[in-house]
file entry-v9.txt (compact mmCIF, C-alpha atoms and all ligand atoms)
# COMPACT_ATOMS: atom_id res chain seq x y z
CA MET Y 20 5.40 -22.33 1.51
CA LYS Y 21 5.96 -22.26 5.27
CA HIS Y 22 8.74 -20.14 6.70
CA PRO Y 23 10.13 -21.33 10.01
CA PHE Y 24 10.35 -17.86 11.51
CA LEU Y 25 6.96 -16.41 10.68
CA HIS Y 26 4.84 -15.70 13.74
CA GLY Y 27 1.53 -16.72 12.20
CA ALA Y 28 -2.04 -15.55 12.47
CA HIS Y 29 -2.53 -16.85 16.02
CA ASN Y 30 0.14 -14.59 17.54
CA ALA Y 31 -0.80 -11.65 15.29
CA GLY Y 32 -4.22 -11.84 16.97
CA ARG Y 33 -2.62 -10.53 20.19
CA PHE Y 34 -2.76 -7.04 18.63
CA GLN Y 35 -6.51 -7.20 19.19
CA ASP Y 36 -5.97 -7.43 22.96
CA GLN Y 37 -7.15 -4.16 24.50
CA SER Y 38 -4.27 -4.38 27.01
CA VAL Y 39 -1.79 -4.27 24.08
CA VAL Y 40 -3.61 -1.45 22.29
CA ASP Y 41 -3.82 0.65 25.48
CA ARG Y 42 -0.03 0.49 25.98
CA TYR Y 43 1.09 0.65 22.35
CA HIS Y 44 1.81 4.43 22.50
CA LEU Y 45 4.49 3.71 25.12
CA ARG Y 46 6.63 1.80 22.62
CA PRO Y 47 9.42 3.96 21.18
CA ALA Y 48 8.33 6.08 18.21
CA TYR Y 49 10.32 6.12 14.95
CA PRO Y 50 12.70 9.11 14.85
CA PRO Y 51 11.37 11.94 12.60
CA GLU Y 52 14.23 11.33 10.12
CA THR Y 53 12.55 8.00 9.26
CA PHE Y 54 9.89 9.95 7.37
CA THR Y 55 12.28 12.16 5.41
CA ILE Y 56 14.00 8.94 4.25
CA LEU Y 57 10.65 7.38 3.27
CA ASN Y 58 9.75 10.62 1.48
CA GLU Y 59 12.91 10.34 -0.64
CA LEU Y 60 11.87 6.86 -1.76
CA ILE Y 61 8.75 8.24 -3.46
CA VAL Y 62 9.44 8.91 -7.13
CA ASP Y 63 6.15 8.40 -8.98
CA GLU Y 64 2.98 10.47 -8.90
CA PRO Y 65 0.40 10.59 -7.45
CA ARG Y 66 2.20 10.28 -4.11
CA ALA Y 67 -0.07 7.55 -2.75
CA VAL Y 68 1.27 5.14 -0.11
CA LEU Y 69 0.07 1.80 1.21
CA ASP Y 70 1.05 1.11 4.85
CA VAL Y 71 0.52 -2.53 5.82
CA GLY Y 72 0.14 -3.71 9.41
CA CYS Y 73 -0.28 -0.03 10.29
CA GLY Y 74 -1.35 -0.63 13.90
CA THR Y 75 -1.99 2.70 15.62
CA GLY Y 76 -0.41 4.51 12.67
CA ASN Y 77 3.17 5.05 13.87
CA VAL Y 78 4.28 5.09 10.21
CA ALA Y 79 1.10 6.27 8.47
CA ARG Y 80 0.29 9.29 10.66
CA PRO Y 81 3.68 11.10 10.44
CA LEU Y 82 3.85 10.27 6.71
CA THR Y 83 0.69 12.28 6.00
CA GLU Y 84 2.86 15.42 6.04
CA TYR Y 85 4.75 14.22 2.96
CA VAL Y 86 2.19 12.47 0.74
CA GLU Y 87 -1.12 12.97 -1.01
CA HIS Y 88 -2.88 9.88 0.24
CA ILE Y 89 -2.28 6.84 2.47
CA ASP Y 90 -4.21 3.59 2.63
CA ALA Y 91 -3.39 2.13 6.06
CA VAL Y 92 -4.32 -1.53 6.57
CA ASP Y 93 -4.51 -3.59 9.75
CA LEU Y 94 -6.30 -6.75 10.80
CA SER Y 95 -6.83 -5.42 14.34
CA LEU Y 96 -9.91 -3.21 14.64
CA PRO Y 97 -8.95 -1.93 18.13
CA MET Y 98 -5.54 -0.77 16.77
CA LEU Y 99 -7.30 1.10 13.92
CA GLU Y 100 -9.83 2.65 16.28
CA ARG Y 101 -6.97 3.97 18.42
CA ALA Y 102 -5.09 5.22 15.34
CA ARG Y 103 -8.03 7.43 14.35
CA THR Y 104 -7.90 9.25 17.69
CA LEU Y 105 -4.16 10.05 17.66
CA LEU Y 106 -2.30 13.03 16.16
CA GLY Y 107 -2.68 12.91 12.36
CA GLY Y 108 -5.12 10.02 12.58
CA TYR Y 109 -8.07 12.18 11.61
CA SER Y 110 -6.28 13.56 8.51
CA PRO Y 111 -8.47 13.28 5.39
CA LYS Y 112 -5.35 11.95 3.63
CA VAL Y 113 -5.56 8.62 5.51
CA ARG Y 114 -8.02 5.84 4.78
CA TRP Y 115 -7.94 3.29 7.63
CA LEU Y 116 -8.76 -0.12 6.22
CA HIS Y 117 -9.67 -3.13 8.32
CA GLY Y 118 -8.44 -6.39 6.81
CA ARG Y 119 -5.45 -8.55 6.00
CA ALA Y 120 -2.65 -7.21 3.83
CA GLU Y 121 -2.94 -10.50 1.94
CA ASP Y 122 -6.44 -9.88 0.58
CA VAL Y 123 -7.97 -6.57 1.70
CA GLU Y 124 -9.59 -4.58 -1.13
CA LEU Y 125 -7.29 -1.75 -2.22
CA GLU Y 126 -7.14 1.09 -4.75
CA PRO Y 127 -3.72 0.84 -6.44
CA PRO Y 128 -1.36 1.96 -7.77
CA TYR Y 129 0.92 3.13 -4.95
CA ALA Y 130 4.22 4.99 -5.19
CA LEU Y 131 5.48 3.27 -2.01
CA VAL Y 132 4.46 0.38 0.26
CA THR Y 133 5.58 0.62 3.89
CA ALA Y 134 5.61 -2.13 6.51
CA GLY Y 135 6.56 -1.00 10.04
CA GLU Y 136 7.52 -3.98 12.22
CA SER Y 137 4.73 -5.95 10.60
CA LEU Y 138 5.97 -7.98 7.63
CA HIS Y 139 7.00 -10.95 9.80
CA TRP Y 140 3.33 -11.51 10.68
CA MET Y 141 2.24 -11.88 7.07
CA GLU Y 142 2.20 -14.66 4.47
CA TRP Y 143 5.29 -13.68 2.51
CA ASP Y 144 4.43 -15.80 -0.52
CA VAL Y 145 1.16 -13.91 -0.86
CA VAL Y 146 2.05 -10.35 0.13
CA LEU Y 147 5.36 -9.88 -1.70
CA PRO Y 148 3.97 -10.67 -5.17
CA ARG Y 149 0.88 -8.65 -4.27
CA PHE Y 150 2.88 -5.54 -3.32
CA ALA Y 151 4.85 -5.80 -6.59
CA GLN Y 152 1.58 -5.71 -8.51
CA LEU Y 153 0.24 -2.76 -6.52
CA LEU Y 154 3.31 -0.56 -7.01
CA MET Y 155 3.96 2.09 -9.69
CA PRO Y 156 7.01 1.56 -11.95
CA HIS Y 157 9.58 3.09 -9.54
CA GLY Y 158 7.77 1.98 -6.40
CA VAL Y 159 9.47 -0.06 -3.68
CA LEU Y 160 8.55 -1.87 -0.49
CA ALA Y 161 10.13 -0.13 2.55
CA ILE Y 162 10.56 -2.29 5.64
CA VAL Y 163 10.73 -0.01 8.67
CA HIS Y 164 11.87 -1.01 12.13
CA ILE Y 165 13.51 0.16 15.34
CA VAL Y 166 17.16 -0.89 15.30
CA ASP Y 167 18.18 -2.71 18.48
CA GLN Y 168 20.56 -0.53 20.53
CA PRO Y 169 22.80 -1.78 23.34
CA VAL Y 170 21.45 -1.11 26.84
CA PRO Y 171 23.16 -2.23 30.05
CA TRP Y 172 20.02 -4.11 31.23
CA ARG Y 173 19.69 -6.14 28.00
CA GLU Y 174 21.01 -9.46 29.32
CA GLY Y 175 18.83 -9.27 32.44
CA TYR Y 176 15.78 -8.34 30.35
CA CYS Y 177 16.28 -11.27 27.96
CA GLN Y 178 16.30 -13.68 30.89
CA ILE Y 179 13.06 -12.25 32.31
CA GLU Y 180 11.39 -12.21 28.87
CA GLN Y 181 12.28 -15.86 28.28
CA ARG Y 182 10.46 -16.88 31.49
CA PHE Y 183 7.30 -14.84 30.85
CA THR Y 184 6.85 -14.97 27.07
CA ASN Y 185 3.70 -16.63 25.67
CA ASN Y 186 5.72 -17.74 22.63
CA PRO Y 187 8.91 -19.39 23.97
CA SER Y 188 9.78 -20.91 20.59
CA TYR Y 189 10.20 -17.46 19.02
CA VAL Y 190 13.80 -16.76 18.03
CA PRO Y 191 14.68 -13.23 16.89
CA PHE Y 192 15.83 -13.29 13.28
CA ASP Y 193 16.95 -11.05 10.46
CA TRP Y 194 13.88 -10.70 8.21
CA ILE Y 195 15.85 -9.38 5.26
CA VAL Y 196 18.24 -12.33 5.29
CA GLU Y 197 15.27 -14.72 5.44
CA LEU Y 198 13.38 -12.92 2.67
CA GLU Y 199 16.44 -13.04 0.45
CA LYS Y 200 17.07 -16.68 1.32
CA TYR Y 201 13.61 -17.59 0.06
CA VAL Y 202 14.27 -15.48 -3.05
CA LEU Y 203 11.27 -13.30 -2.25
CA PHE Y 204 12.94 -9.92 -1.87
CA GLN Y 205 15.77 -8.08 -3.53
CA LYS Y 206 17.30 -5.41 -1.34
CA LEU Y 207 17.95 -2.15 -3.20
CA GLY Y 208 19.13 -0.06 -0.27
CA GLU Y 209 19.07 0.54 3.47
CA ARG Y 210 19.56 3.47 5.83
CA GLU Y 211 19.56 4.15 9.52
CA THR Y 212 18.48 7.40 11.12
CA ALA Y 213 20.70 9.28 13.53
CA SER Y 214 20.21 8.07 17.08
CA VAL Y 215 17.64 9.96 19.17
CA GLU Y 216 17.88 10.02 22.96
CA VAL Y 217 14.65 9.15 24.77
CA SER Y 218 13.78 9.33 28.48
CA GLN Y 219 10.91 7.34 29.92
CA THR Y 220 9.75 6.50 33.43
CA VAL Y 221 10.56 2.99 34.58
CA GLU Y 222 6.81 2.31 34.89
CA ASP Y 223 6.11 3.33 31.30
CA TYR Y 224 9.12 1.40 30.02
CA ILE Y 225 7.78 -1.76 31.69
CA ALA Y 226 4.22 -1.08 30.49
CA ALA Y 227 5.57 -0.76 26.91
CA LYS Y 228 6.81 -4.35 27.16
CA HIS Y 229 3.17 -5.43 27.65
CA ALA Y 230 2.42 -3.81 24.27
CA ARG Y 231 4.43 -6.62 22.66
CA SER Y 232 2.40 -9.62 21.54
CA ILE Y 233 4.63 -12.04 23.47
CA LEU Y 234 4.05 -10.21 26.78
CA SER Y 235 0.40 -9.27 26.40
CA LEU Y 236 -1.29 -8.99 29.80
CA ASP Y 237 -4.24 -10.90 28.32
CA THR Y 238 -2.01 -14.00 28.29
CA MET Y 239 -0.73 -13.60 31.89
CA THR Y 240 -2.39 -14.27 35.21
CA THR Y 241 -2.47 -11.35 37.67
CA GLU Y 242 0.26 -13.06 39.69
CA GLN Y 243 2.48 -13.50 36.64
CA ALA Y 244 1.98 -9.87 35.62
CA THR Y 245 2.85 -8.63 39.12
CA GLN Y 246 5.90 -10.89 39.26
CA PHE Y 247 7.07 -9.67 35.81
CA ASP Y 248 6.69 -6.01 36.76
CA THR Y 249 8.45 -6.52 40.13
CA GLU Y 250 11.42 -8.27 38.52
CA MET Y 251 11.63 -5.59 35.82
CA GLN Y 252 11.63 -2.81 38.45
CA ALA Y 253 14.44 -4.50 40.37
CA LEU Y 254 16.40 -4.82 37.13
CA LEU Y 255 15.85 -1.27 35.87
CA LEU Y 256 15.84 0.99 38.95
CA PRO Y 257 19.67 0.92 39.36
CA TYR Y 258 19.92 2.46 35.86
CA ALA Y 259 17.27 5.13 36.40
CA LEU Y 260 17.95 8.74 37.33
CA ASP Y 261 15.07 10.42 39.19
CA GLY Y 262 12.86 7.52 38.06
CA LEU Y 263 13.77 8.05 34.39
CA LEU Y 264 15.56 5.64 32.06
CA THR Y 265 17.46 7.17 29.15
CA PHE Y 266 18.19 5.18 26.01
CA SER Y 267 18.80 5.61 22.28
CA VAL Y 268 16.32 4.99 19.48
CA VAL Y 269 17.40 4.46 15.87
CA GLY Y 270 15.08 3.87 12.92
CA GLY Y 271 16.04 1.42 10.18
CA ILE Y 272 14.65 1.43 6.63
CA THR Y 273 15.41 -1.31 4.11
CA TRP Y 274 13.85 -1.04 0.69
CA GLY Y 275 13.62 -3.26 -2.32
CA ASN Y 276 11.34 -5.29 -4.48
CA GLU Y 277 9.97 -8.71 -4.95
CA VAL Y 278 12.46 -10.74 -7.00
CA ARG Y 279 11.04 -11.09 -10.49
CA PRO Y 280 12.09 -13.65 -13.07
CA PRO Y 281 14.81 -12.12 -15.26
CA LEU Y 282 13.21 -13.19 -18.50
CA GLU Y 283 10.67 -11.00 -20.18
CA GLN Y 284 9.03 -10.99 -23.56
CA ALA Y 285 7.76 -7.71 -25.01
CA GLY Y 286 8.29 -6.16 -21.59
CA ARG Y 287 5.96 -8.63 -19.88
CA PRO Y 288 7.35 -11.24 -17.52
CA LEU Y 289 6.68 -14.79 -18.51
CA GLN Y 290 3.93 -16.18 -16.39
CA ARG Y 291 4.49 -19.87 -16.82
CA TRP Y 292 7.57 -21.80 -17.79
CA LYS Y 293 9.27 -25.06 -17.11
CA ALA Y 294 13.01 -25.37 -17.22
CA THR Y 295 15.77 -27.83 -16.58
CA PHE Y 296 19.33 -26.64 -16.27
CA LEU Y 297 22.63 -28.34 -15.86
CA ALA Y 298 25.11 -26.42 -13.74
CA SER Y 299 28.45 -26.58 -15.46
CA SER Y 300 30.62 -24.69 -13.02
CA ASN Y 301 31.03 -24.19 -9.30
CA SER Y 302 27.51 -23.42 -8.06
CA ARG Y 303 28.96 -21.27 -5.26
CA ASP Y 304 30.08 -18.71 -7.84
CA PRO Y 305 27.82 -15.65 -7.85
CA LEU Y 306 27.56 -16.09 -11.61
CA SER Y 307 27.64 -19.67 -12.78
CA HIS Y 308 27.41 -21.17 -16.22
CA PHE Y 309 24.27 -23.14 -16.86
CA VAL Y 310 23.46 -25.27 -19.83
CA VAL Y 311 19.83 -25.38 -20.85
CA VAL Y 312 18.56 -28.93 -21.05
CA GLU Y 313 14.92 -28.16 -21.60
CA PHE Y 314 12.90 -24.95 -21.53
CA THR Y 315 9.25 -24.73 -22.43
CA THR Y 316 6.92 -21.79 -22.03
CA ILE Y 317 3.22 -22.40 -21.94
CA GLY Y 318 1.45 -20.29 -24.54
CA HIS Y 319 4.61 -19.61 -26.56
CA GLU Y 320 5.36 -21.47 -29.78
CA ARG Y 321 9.12 -21.43 -29.53
CA PRO Y 322 11.19 -21.97 -26.37
CA LEU Y 323 12.92 -18.73 -25.42
CA LEU Y 324 16.06 -20.51 -24.35
CA GLU Y 325 17.51 -22.95 -26.85
CA ALA Y 326 18.47 -26.39 -25.64
CA ASN Y 327 22.25 -26.77 -25.20
CA SER Y 328 22.76 -22.99 -25.05
CA CYS Y 329 24.97 -21.84 -22.18
CA TRP Y 330 24.06 -18.92 -19.89
CA SER Y 331 25.94 -17.02 -17.22
CA ILE Y 332 23.33 -16.21 -14.62
CA SER Y 333 23.00 -16.10 -10.89
CA PRO Y 334 22.13 -19.55 -9.46
CA ARG Y 335 19.26 -18.01 -7.54
CA PHE Y 336 17.59 -16.94 -10.79
CA VAL Y 337 18.04 -20.46 -12.09
CA HIS Y 338 16.29 -21.58 -8.93
CA ILE Y 339 13.33 -19.29 -9.67
CA LEU Y 340 13.18 -20.29 -13.32
CA ALA Y 341 13.29 -23.94 -12.46
CA GLN Y 342 10.25 -23.51 -10.21
CA GLY Y 343 8.15 -22.58 -13.26
C1 LIG Y 401 4.07 -4.56 15.81
S1 LIG Y 401 2.61 -3.90 15.12
C2 LIG Y 401 3.27 -2.62 14.08
C3 LIG Y 401 2.35 -1.43 13.98
C4 LIG Y 401 2.94 -0.22 13.24
N1 LIG Y 401 3.20 -0.51 11.86
C5 LIG Y 401 4.20 0.27 13.90
O1 LIG Y 401 5.23 0.33 13.22
O2 LIG Y 401 4.15 0.63 15.08
C6 LIG Y 401 2.16 -5.14 13.95
C7 LIG Y 401 0.77 -4.89 13.35
O3 LIG Y 401 0.59 -5.76 12.22
C8 LIG Y 401 -0.77 -6.16 12.19
N2 LIG Y 401 -0.88 -7.36 11.35
C9 LIG Y 401 -0.38 -8.59 11.60
N3 LIG Y 401 -0.65 -9.42 10.57
C10 LIG Y 401 -1.32 -8.68 9.65
C11 LIG Y 401 -1.86 -8.97 8.35
N4 LIG Y 401 -1.74 -10.19 7.82
N5 LIG Y 401 -2.48 -7.97 7.67
C12 LIG Y 401 -2.61 -6.74 8.23
N6 LIG Y 401 -2.11 -6.41 9.45
C13 LIG Y 401 -1.47 -7.36 10.14
C14 LIG Y 401 -1.11 -6.37 13.66
O4 LIG Y 401 -2.51 -6.35 13.88
C15 LIG Y 401 -0.36 -5.20 14.30
O5 LIG Y 401 -1.19 -4.07 14.44
call {"tool": "encode", "arguments": {"input": "entry-v9.txt", "output": "C-alpha cells"}}
result
Amino acid sequence: MKHPFLHGAHNAGRFQDQSVVDRYHLRPAYPPETFTILNELIVDEPRAVLDVGCGTGNVARPLTEYVEHIDAVDLSLPMLERARTLLGGYSPKVRWLHGRAEDVELEPPYALVTAGESLHWMEWDVVLPRFAQLLMPHGVLAIVHIVDQPVPWREGYCQIEQRFTNNPSYVPFDWIVELEKYVLFQKLGERETASVEVSQTVEDYIAAKHARSILSLDTMTTEQATQFDTEMQALLLPYALDGLLTFSVVGGITWGNEVRPPLEQAGRPLQRWKATFLASSNSRDPLSHFVVVEFTTIGHERPLLEANSCWSISPRFVHILAQG
C-alpha cells in the first residue's frame, strides 16, 4: 500500500550525507521531560526498548538512564557512528544496530518501541504489524516529535525553504491522522512536555536547517548554500539579541498500537478470513449495524459469524475484516 505522504527511501538516504550528520546536534533536543513520560509508558519487564530511526541517539541516549537495555536501529551508518561518540552513546545498555526498521534482525520482546521523528520515513504496512509482534503484552509504540511552536520569522522562513528545498512536493502532514486514516494505528494517549526556552546563535540556527534532509548541503551548489544562508541571516538578525535567537521547544509523545482485528478465538487473532457485510444504518455513525452476508475463516470448520446475524461495530473494523 502506498501512502501519499511518506517520504520514501530516496529522501531517507539524505541522513547518510556527512553534511547532515555533522550538523545534526544543532537541531533542538527533546526536553528532558520527554524521557520521564516515556519512562511512565514502560509497564512490562525486562525494561527493554527498541528505538527505530534512532539517528544520533536523541531518544535512545537519554533513555538509557531509565531502562535496562535499548536496541537502537538506523539505516544510516554515519548517524550511528556519530551516536556512539556522544554523551550516553557508549553506554553498555545500548546496542546500535545498522539496518532498516522493516527487516533488521532484533531480539524481542520489548516493553516499548520509540520512533523519534522517523516513522514517516518507513513502510507503515510493514513496520506497524512488526512492532506489534515485537512488543510485550502492555507494550506500546511511542511516536516522539518536536511540537511546532510559533516564531515571528516563521512565514519568512517557509518562503525561503520553499525556494531551496530538494523535495518541493513535500507537504507537512499530521502523521497520526494519516496512520489512523489507513487503520494502521490506534491512539491510546498523547502528552506534551512543558515548553523549554532555548537560545542559539543565528549561525547555528541556520546550520541546523542544513541537518534536515530537504536542505542538505550535499544537494545544494555552493552558490545556493551561500544564498540560503545570506537570506536566512537577513531574516533572523532583526530578532536576535547579541547574536542569539531565543525560542521555545516542546516535546510531543503520542502512543498507541497497531489496530488489530477485533475477533479472536482462544485468545489468538484470526489470521485469515473473508467477510461480506451489508451496512444497515448510517455508515457515518461511530457504531453502525452490519448484517453478515458471508463470513468464512480459513482453517476453521464453522464460520465465527453466522450469516444474517446483525452486529453493532465500528465501520472501520468492518473495513479491516472485509480485507481478510
Ligand atoms: C529525522 S532523523 C531522527 C533521528 C532521531 N530519532 C531523533 O529523534 O533525532 C530520522 C532517522 O530515521 C532514519 N531512517 C529513515 N528510514 C529508516 C528505516 N526504514 N529504518 C531505520 N531508520 C530509518 C534516518 O536514517 C534518520 O537517521
call {"tool": "residues_near_ligand", "arguments": {"input": "entry-v9.txt", "ligand": "ligand LIG 401 (chain Y)", "cutoff": "7 Å", "atoms": "only C-alpha atoms and all ligand atoms", "output": "JSON, numbers by chain"}}
result
{"Y": [28, 31, 32, 34, 35, 71, 72, 73, 74, 75, 76, 77, 78, 92, 93, 94, 95, 98, 118, 119, 120, 121, 134, 135, 136, 137, 140, 141, 142, 164]}
call {"tool": "write_last_selection", "arguments": {"input": "entry-v9.txt", "atoms": "C-alpha atoms", "output": "compact mmCIF listing (two decimals), in the coordinates of the input"}}
result
# COMPACT_ATOMS: atom_id res chain seq x y z
CA ALA Y 28 -2.04 -15.55 12.47
CA ALA Y 31 -0.80 -11.65 15.29
CA GLY Y 32 -4.22 -11.84 16.97
CA PHE Y 34 -2.76 -7.04 18.63
CA GLN Y 35 -6.51 -7.20 19.19
CA VAL Y 71 0.52 -2.53 5.82
CA GLY Y 72 0.14 -3.71 9.41
CA CYS Y 73 -0.28 -0.03 10.29
CA GLY Y 74 -1.35 -0.63 13.90
CA THR Y 75 -1.99 2.70 15.62
CA GLY Y 76 -0.41 4.51 12.67
CA ASN Y 77 3.17 5.05 13.87
CA VAL Y 78 4.28 5.09 10.21
CA VAL Y 92 -4.32 -1.53 6.57
CA ASP Y 93 -4.51 -3.59 9.75
CA LEU Y 94 -6.30 -6.75 10.80
CA SER Y 95 -6.83 -5.42 14.34
CA MET Y 98 -5.54 -0.77 16.77
CA GLY Y 118 -8.44 -6.39 6.81
CA ARG Y 119 -5.45 -8.55 6.00
CA ALA Y 120 -2.65 -7.21 3.83
CA GLU Y 121 -2.94 -10.50 1.94
CA ALA Y 134 5.61 -2.13 6.51
CA GLY Y 135 6.56 -1.00 10.04
CA GLU Y 136 7.52 -3.98 12.22
CA SER Y 137 4.73 -5.95 10.60
CA TRP Y 140 3.33 -11.51 10.68
CA MET Y 141 2.24 -11.88 7.07
CA GLU Y 142 2.20 -14.66 4.47
CA HIS Y 164 11.87 -1.01 12.13
call {"tool": "closest_residue", "arguments": {"input": "entry-v9.txt", "among": "Y:Phe150, Y:Phe192, Y:Trp115, Y:Tyr176", "to": "Lys228 of chain Y", "atoms": "all atoms listed in the file"}}
result
Y:Tyr176
call {"tool": "atom_distance", "arguments": {"input": "entry-v9.txt", "atom1": "atom CA of Val269 of chain Y", "atom2": "atom CA of Tyr49 of chain Y"}}
result
7.3 Å
call {"tool": "atom_distance", "arguments": {"input": "entry-v9.txt", "atom1": "atom CA of Glu211 of chain Y", "atom2": "atom CA of His139 of chain Y"}}
result
19.6 Å
call {"tool": "residues_around", "arguments": {"input": "entry-v9.txt", "residues": "Phe54 of chain Y", "least_positions_apart": "4", "cutoff": "10 Å", "atoms": "all atoms listed in the file", "output": "list in words"}}
result
Tyr49, Pro50, Asn58, Glu59, Leu60, Val78, Ala79, Pro81, Leu82, Thr83, Glu84, Tyr85, Thr212, Gly270 and Ile272 of chain Y
